[in-house]
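Engineer: What follows is protein-v4.pdb, PDB, C-alpha atoms, pLDDT in the B column.
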```pdb
MODEL        1
ATOM      1  CA  ALA A   1      -0.034  31.199 -38.196  1.00 82.00           C
ATOM      2  CA  VAL A   2       1.014  29.478 -41.389  1.00 85.00           C
ATOM      3  CA  ASP A   3       2.095  32.773 -42.955  1.00 82.00           C
ATOM      4  CA  VAL A   4       4.255  33.632 -39.942  1.00 86.00           C
ATOM      5  CA  HIS A   5       5.855  30.180 -40.090  1.00 88.00           C
ATOM      6  CA  LYS A   6       6.620  30.696 -43.788  1.00 86.00           C
ATOM      7  CA  LEU A   7       7.939  34.192 -43.133  1.00 83.00           C
ATOM      8  CA  THR A   8      10.299  33.031 -40.407  1.00 85.00           C
ATOM      9  CA  ASP A   9      11.503  30.188 -42.617  1.00 88.00           C
ATOM     10  CA  ARG A  10      12.315  32.652 -45.418  1.00 84.00           C
ATOM     11  CA  HIS A  11      14.142  35.028 -43.066  1.00 83.00           C
ATOM     12  CA  GLN A  12      15.594  32.473 -40.654  1.00 87.00           C
ATOM     13  CA  ALA A  13      19.243  33.446 -41.161  1.00 88.00           C
ATOM     14  CA  GLU A  14      18.580  37.173 -40.795  1.00 86.00           C
ATOM     15  CA  ILE A  15      16.460  36.677 -37.682  1.00 87.00           C
ATOM     16  CA  ALA A  16      19.068  34.409 -36.067  1.00 88.00           C
ATOM     17  CA  ARG A  17      21.829  36.905 -36.822  1.00 89.00           C
ATOM     18  CA  VAL A  18      20.021  39.834 -35.206  1.00 87.00           C
ATOM     19  CA  SER A  19      18.011  38.153 -32.455  1.00 87.00           C
ATOM     20  CA  PRO A  20      18.674  34.427 -31.955  1.00 87.00           C
ATOM     21  CA  GLY A  21      15.579  33.739 -29.845  1.00 90.00           C
ATOM     22  CA  MET A  22      13.134  35.803 -31.881  1.00 90.00           C
ATOM     23  CA  ARG A  23      12.087  33.073 -34.318  1.00 91.00           C
ATOM     24  CA  SER A  24      11.215  30.480 -31.689  1.00 93.00           C
ATOM     25  CA  GLN A  25       9.416  33.034 -29.505  1.00 93.00           C
ATOM     26  CA  LEU A  26       7.448  34.339 -32.473  1.00 92.00           C
ATOM     27  CA  LEU A  27       6.408  30.832 -33.517  1.00 94.00           C
ATOM     28  CA  ARG A  28       5.366  29.872 -29.987  1.00 95.00           C
ATOM     29  CA  ALA A  29       3.272  33.035 -29.668  1.00 95.00           C
ATOM     30  CA  VAL A  30       1.603  32.713 -33.064  1.00 94.00           C
ATOM     31  CA  ASP A  31       0.719  29.061 -32.423  1.00 96.00           C
ATOM     32  CA  SER A  32      -0.639  30.017 -29.013  1.00 96.00           C
ATOM     33  CA  ILE A  33      -3.286  32.272 -30.570  1.00 95.00           C
ATOM     34  CA  ALA A  34      -5.151  29.486 -32.368  1.00 93.00           C
ATOM     35  CA  LEU A  35      -4.574  26.969 -29.584  1.00 96.00           C
ATOM     36  CA  ASN A  36      -6.074  29.249 -26.947  1.00 96.00           C
ATOM     37  CA  ILE A  37      -9.053  30.135 -29.125  1.00 96.00           C
ATOM     38  CA  THR A  38      -9.673  26.424 -29.621  1.00 96.00           C
ATOM     39  CA  GLU A  39      -9.430  25.815 -25.887  1.00 95.00           C
ATOM     40  CA  ALA A  40     -11.843  28.696 -25.263  1.00 96.00           C
ATOM     41  CA  ALA A  41     -14.395  27.151 -27.601  1.00 94.00           C
ATOM     42  CA  GLY A  42     -14.381  24.001 -25.502  1.00 93.00           C
ATOM     43  CA  GLN A  43     -14.935  25.691 -22.147  1.00 93.00           C
ATOM     44  CA  THR A  44     -18.243  25.269 -20.356  1.00 92.00           C
ATOM     45  CA  SER A  45     -18.227  28.481 -18.333  1.00 94.00           C
ATOM     46  CA  PRO A  46     -18.163  32.038 -19.660  1.00 95.00           C
ATOM     47  CA  ALA A  47     -15.400  32.969 -17.213  1.00 95.00           C
ATOM     48  CA  ARG A  48     -13.078  30.217 -18.455  1.00 95.00           C
ATOM     49  CA  THR A  49     -13.916  31.024 -22.062  1.00 96.00           C
ATOM     50  CA  SER A  50     -13.073  34.658 -21.412  1.00 96.00           C
ATOM     51  CA  ALA A  51      -9.809  33.749 -19.684  1.00 96.00           C
ATOM     52  CA  GLN A  52      -8.649  31.624 -22.631  1.00 96.00           C
ATOM     53  CA  LEU A  53      -9.584  34.349 -25.092  1.00 97.00           C
ATOM     54  CA  MET A  54      -7.600  36.880 -23.072  1.00 97.00           C
ATOM     55  CA  VAL A  55      -4.539  34.623 -23.348  1.00 97.00           C
ATOM     56  CA  ALA A  56      -5.086  34.449 -27.138  1.00 96.00           C
ATOM     57  CA  ILE A  57      -5.278  38.258 -27.296  1.00 95.00           C
ATOM     58  CA  ALA A  58      -2.087  38.572 -25.250  1.00 96.00           C
ATOM     59  CA  SER A  59      -0.347  36.192 -27.656  1.00 96.00           C
ATOM     60  CA  ALA A  60      -1.591  38.235 -30.629  1.00 92.00           C
ATOM     61  CA  ASN A  61      -0.147  41.357 -28.996  1.00 93.00           C
ATOM     62  CA  GLU A  62       3.157  39.550 -28.550  1.00 94.00           C
ATOM     63  CA  VAL A  63       3.204  38.483 -32.206  1.00 91.00           C
ATOM     64  CA  GLU A  64       2.456  42.031 -33.289  1.00 88.00           C
ATOM     65  CA  LEU A  65       5.351  43.346 -31.190  1.00 90.00           C
ATOM     66  CA  GLN A  66       7.743  40.683 -32.487  1.00 90.00           C
ATOM     67  CA  LEU A  67       6.803  41.514 -36.098  1.00 86.00           C
ATOM     68  CA  ARG A  68       7.260  45.233 -35.444  1.00 86.00           C
ATOM     69  CA  LEU A  69      10.628  44.540 -33.832  1.00 87.00           C
ATOM     70  CA  GLY A  70      11.652  42.388 -36.792  1.00 86.00           C
ATOM     71  CA  ARG A  71      10.680  45.192 -39.127  1.00 83.00           C
ATOM     72  CA  ALA A  72      12.606  47.770 -37.079  1.00 84.00           C
ATOM     73  CA  LEU A  73      15.686  45.527 -37.145  1.00 85.00           C
ATOM     74  CA  ASP A  74      15.346  45.060 -40.931  1.00 83.00           C
ATOM     75  CA  VAL A  75      14.921  41.293 -40.727  1.00 81.00           C
ATOM     76  CA  ILE A  76      11.259  41.246 -41.766  1.00 76.00           C
ATOM     77  CA  ALA A  77      10.349  43.486 -44.651  1.00 71.00           C
ATOM     78  CA  ALA A  78       7.921  42.830 -47.483  1.00 61.00           C
ATOM     79  CA  ASP A  79       5.398  40.672 -45.645  1.00 62.00           C
ATOM     80  CA  TYR A  80       5.277  42.790 -42.517  1.00 64.00           C
ATOM     81  CA  ASP A  81       2.278  45.053 -43.146  1.00 67.00           C
ATOM     82  CA  THR A  82      -0.011  42.242 -44.285  1.00 70.00           C
ATOM     83  CA  LEU A  83       0.930  40.026 -41.352  1.00 68.00           C
ATOM     84  CA  VAL A  84       0.452  42.736 -38.753  1.00 68.00           C
ATOM     85  CA  ASP A  85      -2.982  43.514 -40.187  1.00 67.00           C
ATOM     86  CA  GLU A  86      -3.931  39.831 -39.990  1.00 69.00           C
ATOM     87  CA  VAL A  87      -2.721  39.525 -36.403  1.00 65.00           C
ATOM     88  CA  ILE A  88      -4.668  42.619 -35.353  1.00 63.00           C
ATOM     89  CA  GLU A  89      -7.875  41.304 -36.944  1.00 65.00           C
TER      90      GLU A  89
ENDMDL
END
```
Write the structure described by the file as structure tokens, please.

Structural biologist:
Amino acid sequence: AVDVHKLTDRHQAEIARVSPGMRSQLLRAVDSIALNITEAAGQTSPARTSAQLMVAIASANEVELQLRLGRALDVIAADYDTLVDEVIE
């Protein structure tokens, strides 16, 4: 999450020029991953734990798509491959 925050700070102007809402959506999604994993760890039932983890996975998928879109629009370049690999892990 920290790396994505740093990345969006470095490329803030480019992201805003191409897709004004991308930065805030990307940051919300990347923060959601860790928050939902933390919530899952505190659940007392396997079903609720699973549900929270599924939300975290969905957020990771969203982050991956946003990073790929940023790469395709030439607003995220050098850090892209490393970040996508981290999100997928």

Engineer: Please provide the set of residues having any atom within 10 Å of A:Ser24, restricted to only C-alpha atoms, with same-chain residues fewer than 5 positions apart removed, written as a list in words.

Structural biologist: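 Final neighbour list, sorted by chain and number: His5, Thr8, Ala16, Ala29 and Val30 of chain A.
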
Engineer: Excluding A:Val4 and its own-chain neighbours fewer than 5 positions away, which residues fall within 9 Å of it when counting all atoms listed in the file? Please give them as a list in words.

Structural biologist: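 These residues fall inside the cut-off: Asp9, Leu26, Leu27, Val30 and Leu83 of chain A.
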
Engineer: Tell me which of A:Asn61, A:Gln25, A:His11, A:Asn36 sits closest to A:Thr49, counting all atoms listed in the file.

Structural biologist: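 Between A:Asn61, A:Gln25, A:His11, A:Asn36, the residue approaching A:Thr49 most closely is A:Asn36.
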
Engineer: Point out the residue among A:Gln66, A:Thr38, A:Thr44, A:Gln52 with the least atom-to-atom distance to A:Arg23, counting all atoms listed in the file.

Structural biologist: A:Gln66

Engineer: Of the candidates A:Glu62, A:Asp3, A:Ala56, A:Arg71, which shows the shortest atom-to-atom distance to A:Ile33, using all atoms listed in the file?

Structural biologist: A:Ala56

Engineer: Measuring between all atoms listed in the file, which one of A:Ile15, A:Val2, A:Leu35, A:Val75 shows the shortest distance to A:Ser59?

Structural biologist: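 Of the candidates, the smallest distance to A:Ser59 is held by A:Leu35.
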
Engineer: From the list A:Val18, A:Ala13, A:Ala34, A:Ala1, which residue is nearest A:Ala58 when using only C-alpha atoms?

Structural biologist: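 Closest to A:Ala58 of all the choices is A:Ala34.
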
Engineer: I need the residue nearest A:Ser32 from this list: A:Leu73, A:Arg10, A:Arg17, A:Leu53. Use all atoms listed in the file for the distance.

Structural biologist: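 Using all atoms listed in the file, the shortest distance to A:Ser32 belongs to A:Leu53.
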
Engineer: For the atom pair atom CA of A:Leu65 and atom CA of A:Gly42, what is the interatomic distance in Å to one decimal place?

Structural biologist: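 Atom CA of A:Gly42 lies at a distance of 28.2 Å from atom CA of A:Leu65.
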
Engineer: Between atom CA of A:Gly70 and atom CA of A:Leu7, what distance in Å does the model show, to one decimal?

Structural biologist: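 Interatomic distance here is 11.0 Å.
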
Engineer: Could you tell me how far atom CA of A:Glu64 sits from atom CA of A:Pro20, in Å to one decimal place?

Structural biologist: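 Computing the Euclidean distance for atom CA of A:Pro20 and atom CA of A:Glu64 yields 18.0 Å.
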